[in-house]
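S.K.: My questions all concern the structure below.
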Amino acid sequence: MNAEMLMLAGGLAAFAVTFYWVRSRRLREKYAVAWMVVATALLLMGLFPGVIKGLAQATRMAYPSMVLFLALGAIYVFSMSVSLSLT
């Protein structure tokens, strides 16, 4: 399984889990929005890997480094949104 298929599968799984948790009232809607953004980003990266490759070439980074950079950026943004909502 390559990275694009893994991101696509992860995005679909994130959508399914988020919908399930919202419907069963285990996850509040304001947190679900952040998870939907993460799932959408994973789906887009899985469907259009050329965008990531183009970003990697434009910034002169290797493809795996760009994927790691984007993943860490998403983790940072998500952590910040959770911290803001808890305070």
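As shown in the structure tokens, the chain order sets the letters A, B, ...; within each chain, residues go from 1, and ligands are also counted from 1 in the order they appear.
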When you look at Ser79 in chain A with a cut-off of 12 Å (counting only C-alpha atoms), what residues show up, excluding the ones that are within fewer than 5 positions of it in the same chain? I need them as a compact mmCIF listing (two decimals) with N, CA, C and O atoms, in the first residue's frame.
M.R.:
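Heads up, here's the output in out_14.txt:
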# COMPACT_ATOMS: atom_id res chain seq x y z
N TYR A 31 -16.07 19.81 18.21
CA TYR A 31 -14.86 19.02 18.00
C TYR A 31 -14.95 18.24 16.70
O TYR A 31 -13.93 17.97 16.05
N ALA A 34 -13.48 20.00 13.58
CA ALA A 34 -12.02 19.91 13.41
C ALA A 34 -11.64 18.55 12.83
O ALA A 34 -10.77 18.47 11.95
N TRP A 35 -12.29 17.49 13.28
CA TRP A 35 -11.99 16.17 12.74
C TRP A 35 -12.41 16.04 11.28
O TRP A 35 -11.77 15.35 10.50
N VAL A 38 -9.72 17.55 9.20
CA VAL A 38 -8.59 16.62 9.08
C VAL A 38 -8.93 15.51 8.08
O VAL A 38 -8.11 15.16 7.23
N LEU A 72 2.58 17.20 10.67
CA LEU A 72 2.89 17.91 11.91
C LEU A 72 2.16 19.24 11.99
O LEU A 72 1.73 19.65 13.07
N GLY A 73 2.01 19.90 10.86
CA GLY A 73 1.23 21.14 10.83
C GLY A 73 -0.23 20.90 11.19
O GLY A 73 -0.83 21.67 11.94
N ALA A 74 -0.80 19.82 10.68
CA ALA A 74 -2.19 19.49 11.00
C ALA A 74 -2.34 19.14 12.48
O ALA A 74 -3.32 19.54 13.12
N LEU A 84 -7.81 25.84 22.62
CA LEU A 84 -8.65 27.04 22.68
C LEU A 84 -10.07 26.73 23.14
O LEU A 84 -10.68 27.51 23.87
N SER A 85 -10.60 25.62 22.69
CA SER A 85 -11.98 25.30 23.08
C SER A 85 -12.08 24.85 24.54
O SER A 85 -13.12 24.98 25.16
N LEU A 86 -10.99 24.33 25.10
CA LEU A 86 -11.02 23.91 26.49
C LEU A 86 -10.77 25.04 27.47
O LEU A 86 -11.10 24.90 28.65
S.K.: Leaving out Pro49 in chain A and any residue of its chain fewer than 3 positions from it, which residues lie within 12 Å of it when counting only C-alpha atoms, given as a PDB file with C-alpha atoms, in the first residue's frame?
M.R.:
ATOM      1  CA  ASN A   2       1.446   3.349  -0.985  1.00  0.00           C
ATOM      2  CA  ALA A   3       1.156   6.634   0.918  1.00  0.00           C
ATOM      3  CA  GLU A   4      -1.678   7.976  -1.246  1.00  0.00           C
ATOM      4  CA  MET A   5      -3.869   4.935  -0.624  1.00  0.00           C
ATOM      5  CA  LEU A   6      -3.077   5.084   3.080  1.00  0.00           C
ATOM      6  CA  MET A   7      -4.144   8.751   3.244  1.00  0.00           C
ATOM      7  CA  LEU A   8      -7.320   7.963   1.306  1.00  0.00           C
ATOM      8  CA  ALA A  41      -7.446  17.076   4.109  1.00  0.00           C
ATOM      9  CA  LEU A  42      -6.513  13.387   4.170  1.00  0.00           C
ATOM     10  CA  LEU A  43      -9.000  12.624   1.405  1.00  0.00           C
ATOM     11  CA  LEU A  44      -7.745  15.473  -0.765  1.00  0.00           C
ATOM     12  CA  MET A  45      -4.124  14.422  -0.280  1.00  0.00           C
ATOM     13  CA  GLY A  46      -5.036  10.865  -1.165  1.00  0.00           C
ATOM     14  CA  ILE A  52       1.841  17.459  -2.380  1.00  0.00           C
ATOM     15  CA  LYS A  53       4.496  16.568  -4.928  1.00  0.00           C
ATOM     16  CA  GLY A  54       4.210  20.065  -6.411  1.00  0.00           C
ATOM     17  CA  LEU A  55       4.555  21.633  -2.962  1.00  0.00           C
ATOM     18  CA  ALA A  56       7.572  19.445  -2.282  1.00  0.00           C
ATOM     19  CA  TYR A  63       8.190  13.991  -0.802  1.00  0.00           C
ATOM     20  CA  PRO A  64       8.311  12.112   2.539  1.00  0.00           C
ATOM     21  CA  MET A  66       6.688  17.282   2.861  1.00  0.00           C
ATOM     22  CA  VAL A  67       4.126  14.707   4.019  1.00  0.00           C
TER      23      VAL A  67
END
S.K.: Just the residues within 9 Å of Phe15 in chain A, please, counting only C-alpha atoms, with nothing from its chain fewer than 5 positions along; format it as a list in words.
M.R.: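 Residues meeting the cut-off are Gly10, Tyr20, Trp35, Met36, Ala39 and Thr40 of chain A.
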S.K.: Take the residues from that selection and write them out as a compact mmCIF listing (two decimals), in the first residue's frame, keeping C-alpha atoms.
M.R.:
# COMPACT_ATOMS: atom_id res chain seq x y z
CA GLY A 10 -7.36 7.20 6.68
CA TYR A 20 -20.44 7.41 14.39
CA TRP A 35 -11.99 16.17 12.74
CA MET A 36 -13.95 16.67 9.52
CA ALA A 39 -10.54 13.90 7.25
CA THR A 40 -11.14 16.20 4.26
S.K.: If I take CA of Lys30 in chain A and CA of Leu70 in chain A, how far is one from the other in Å, to one decimal?
M.R.: 22.7 Å
